[in-house]
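Participant: Before I ask anything, here is the structure I am working with.
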Amino acid sequence: MMKHSAENFRIKGFDGGDAVDLISLLTEEWDVLTPTALGGVINKDNADAIKAKYIIEAANHPTDPEANEILAKKGVPILPDILANSGGVMVSYFEWVQNIQGFMWDEEKVNRELKTYMTHTSNIFLII
């Protein structure tokens, strides 16, 4: 599949496997379901069929409000996109700050700052 993808710039047309439609992919039994590309893929029409134990929202707003309610009633914990993506957003902010101030942090400093902010943010989220 990797060779086919590199040669054709897509996986469509690859004959070494079976295509899986989005709905059946979302409704398989997963320990962790991580929607990563599109918003709104988990919605009121398919949320009841979701069998994942946990959901980590790596895409922006992949779960709509009605689906959130359905999944909450089923007891499926969801790590919201704003937290799942926040590390990358924070590091982008750190880069911006460094550019404005005209200096570079080493990787150790970036990781130390990221850990500080992520821990603080996580603690606030747990309190709420």
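As shown in the structure tokens, the chain order sets the letters A, B, ...; within each chain, residues go from 1, and ligands are also counted from 1 in the order they appear.
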DSSP on the backbone, then: every residue of chain A marked alpha helix (DSSP H), written as a compact mmCIF listing (two decimals) with C-alpha atoms, in the first residue's frame.
Facilitator:
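Okay, this is what ended up in states_34.txt:
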```txt
# COMPACT_ATOMS: atom_id res chain seq x y z
CA MET A 2 2.88 2.38 0.79
CA LYS A 3 4.36 1.80 -2.69
CA HIS A 4 0.96 2.28 -4.34
CA SER A 5 0.38 5.44 -2.33
CA ALA A 6 3.79 6.88 -3.24
CA GLU A 7 3.31 6.13 -6.93
CA ASN A 8 -0.33 7.25 -7.20
CA LEU A 22 -16.29 5.46 7.29
CA ILE A 23 -19.37 4.41 9.25
CA SER A 24 -18.20 0.83 9.73
CA LEU A 25 -14.74 2.08 10.72
CA LEU A 26 -16.24 4.32 13.41
CA PRO A 65 -23.10 18.26 20.75
CA GLU A 66 -25.89 15.72 20.25
CA ALA A 67 -23.34 12.92 19.90
CA ASN A 68 -21.59 14.14 23.06
CA GLU A 69 -24.84 13.68 24.97
CA ILE A 70 -25.43 10.20 23.56
CA LEU A 71 -21.87 9.09 24.33
CA ALA A 72 -22.01 10.58 27.84
CA LYS A 73 -25.16 8.55 28.56
CA LYS A 74 -23.31 5.44 27.35
CA ASP A 81 -10.04 18.42 20.89
CA ILE A 82 -8.99 21.55 22.74
CA LEU A 83 -6.99 19.41 25.19
CA ALA A 84 -5.89 16.68 22.77
CA SER A 86 -3.24 21.79 22.98
CA GLY A 87 0.39 20.63 23.17
CA GLY A 88 1.00 21.45 19.52
CA VAL A 89 -0.78 24.77 19.87
CA MET A 90 1.31 25.66 22.91
CA VAL A 91 4.58 24.80 21.18
CA SER A 92 3.51 26.95 18.20
CA TYR A 93 2.94 29.79 20.66
CA PHE A 94 6.40 29.20 22.18
CA GLU A 95 7.91 29.46 18.68
CA TRP A 96 6.06 32.73 18.10
CA VAL A 97 7.34 34.14 21.42
CA GLN A 98 10.89 33.11 20.57
CA ASN A 99 10.67 34.75 17.14
CA ILE A 100 9.39 38.03 18.61
CA GLN A 101 12.12 38.09 21.24
CA GLU A 107 14.47 21.29 23.26
CA GLU A 108 14.85 20.77 27.00
CA LYS A 109 13.46 24.27 27.72
CA VAL A 110 10.54 23.75 25.29
CA ASN A 111 9.65 20.42 26.93
CA ARG A 112 9.95 21.90 30.43
CA GLU A 113 7.66 24.84 29.53
CA LEU A 114 5.21 22.52 27.77
CA LYS A 115 5.04 20.21 30.78
CA THR A 116 4.42 23.17 33.09
CA TYR A 117 1.56 24.57 31.00
CA MET A 118 0.01 21.19 30.19
CA THR A 119 0.05 20.15 33.86
CA HIS A 120 -1.48 23.44 34.94
CA THR A 121 -4.16 23.27 32.22
CA SER A 122 -4.96 19.63 33.03
CA ASN A 123 -5.38 20.47 36.71
CA ILE A 124 -7.78 23.30 35.85
CA PHE A 125 -9.77 20.92 33.60
CA LEU A 126 -10.00 18.34 36.40
CA ILE A 127 -11.29 20.99 38.84
```
Participant: Extract the full set of strand (DSSP E or B) residues from stretch 20-118 of chain A according to DSSP on the backbone, and format it as a PDB file with N, CA, C and O atoms, in the first residue's frame.
Facilitator:
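As a result, result20.pdb now contains:
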```pdb
ATOM      1  N   VAL A  32      -9.699   2.659  21.922  1.00  0.00           N
ATOM      2  CA  VAL A  32      -9.636   4.112  21.772  1.00  0.00           C
ATOM      3  C   VAL A  32      -9.947   4.462  20.323  1.00  0.00           C
ATOM      4  O   VAL A  32      -9.296   3.953  19.409  1.00  0.00           O
ATOM      5  N   LEU A  33     -10.922   5.312  20.132  1.00  0.00           N
ATOM      6  CA  LEU A  33     -11.265   5.831  18.807  1.00  0.00           C
ATOM      7  C   LEU A  33     -10.729   7.253  18.734  1.00  0.00           C
ATOM      8  O   LEU A  33     -11.012   8.073  19.606  1.00  0.00           O
ATOM      9  N   ILE A  42     -18.556  12.183  14.145  1.00  0.00           N
ATOM     10  CA  ILE A  42     -19.370  11.493  15.139  1.00  0.00           C
ATOM     11  C   ILE A  42     -20.544  12.413  15.436  1.00  0.00           C
ATOM     12  O   ILE A  42     -20.372  13.530  15.918  1.00  0.00           O
ATOM     13  N   TYR A  54     -13.077   4.674  24.741  1.00  0.00           N
ATOM     14  CA  TYR A  54     -12.635   6.053  24.934  1.00  0.00           C
ATOM     15  C   TYR A  54     -12.565   6.729  23.570  1.00  0.00           C
ATOM     16  O   TYR A  54     -12.304   6.072  22.560  1.00  0.00           O
ATOM     17  N   ILE A  55     -12.733   8.052  23.576  1.00  0.00           N
ATOM     18  CA  ILE A  55     -12.571   8.824  22.340  1.00  0.00           C
ATOM     19  C   ILE A  55     -11.606   9.971  22.629  1.00  0.00           C
ATOM     20  O   ILE A  55     -11.757  10.684  23.627  1.00  0.00           O
ATOM     21  N   ILE A  56     -10.617  10.104  21.755  1.00  0.00           N
ATOM     22  CA  ILE A  56      -9.686  11.232  21.819  1.00  0.00           C
ATOM     23  C   ILE A  56      -9.895  12.047  20.552  1.00  0.00           C
ATOM     24  O   ILE A  56      -9.654  11.559  19.449  1.00  0.00           O
ATOM     25  N   THR A  63     -16.836  15.602  17.163  1.00  0.00           N
ATOM     26  CA  THR A  63     -18.042  15.081  17.798  1.00  0.00           C
ATOM     27  C   THR A  63     -19.019  16.230  18.012  1.00  0.00           C
ATOM     28  O   THR A  63     -18.694  17.201  18.684  1.00  0.00           O
ATOM     29  N   ILE A  78     -14.663  11.256  26.718  1.00  0.00           N
ATOM     30  CA  ILE A  78     -14.124  11.926  25.536  1.00  0.00           C
ATOM     31  C   ILE A  78     -13.091  12.948  25.988  1.00  0.00           C
ATOM     32  O   ILE A  78     -13.386  13.811  26.817  1.00  0.00           O
ATOM     33  N   LEU A  79     -11.873  12.843  25.452  1.00  0.00           N
ATOM     34  CA  LEU A  79     -10.873  13.881  25.653  1.00  0.00           C
ATOM     35  C   LEU A  79     -11.106  14.901  24.551  1.00  0.00           C
ATOM     36  O   LEU A  79     -10.909  14.606  23.374  1.00  0.00           O
TER      37      LEU A  79
END
```
Participant: Using only C-alpha atoms, can you tell me which of A:Met1, A:Asp45, A:Gly39, A:Val76 comes closest to A:Asn60?
Facilitator: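 Nearest to A:Asn60: A:Gly39.
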Participant: One number please: atom CA of A:Phe14 to atom CA of A:Gly40, in Å, one decimal.
Facilitator: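 Result for atom CA of A:Phe14 versus atom CA of A:Gly40: 27.4 Å, one decimal.
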Participant: Would you mind telling me which residue in A:Pro62, A:Asp15, A:Arg10, A:Asp106 lies nearest to A:Pro80 when using only C-alpha atoms?
Facilitator: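 Checking each candidate against A:Pro80, we get A:Pro62 as the closest.
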Participant: Between atom CA of A:Glu29 and atom CA of A:Ala59, what is the spacing in Å?
Facilitator: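 Answer for the atom CA of A:Ala59 to atom CA of A:Glu29 separation: 20.0 Å.
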Participant: With only C-alpha atoms as the basis for distance, which of A:Gly13, A:Trp30, A:Val41, A:Thr36 is at the shortest distance from A:Lys53?
Facilitator: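 The closest residue to A:Lys53 is A:Trp30.
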Participant: Atom CA of A:Gly17 and atom CA of A:Pro35, how far apart in Å?
Facilitator: 21.7 Å
Participant: I'd like the neighbourhood of A:Ile50 as a PyMOL selection string, where a residue qualifies if any of its atoms comes within 7 Å (using only C-alpha atoms), though same-chain residues fewer than 3 positions away should be ignored.
Facilitator: chain A and resi 26-27+46-47
Participant: Those residues you just picked out, can you put them in a file as a PDB file, in the first residue's frame with C-alpha atoms?
Facilitator:
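The resulting part32.pdb:
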```pdb
ATOM      1  CA  LEU A  26     -16.239   4.324  13.406  1.00  0.00           C
ATOM      2  CA  THR A  27     -18.473   1.585  14.756  1.00  0.00           C
ATOM      3  CA  ASN A  46     -24.010   7.312  14.386  1.00  0.00           C
ATOM      4  CA  ALA A  47     -23.117   8.012  18.043  1.00  0.00           C
TER       5      ALA A  47
END
```
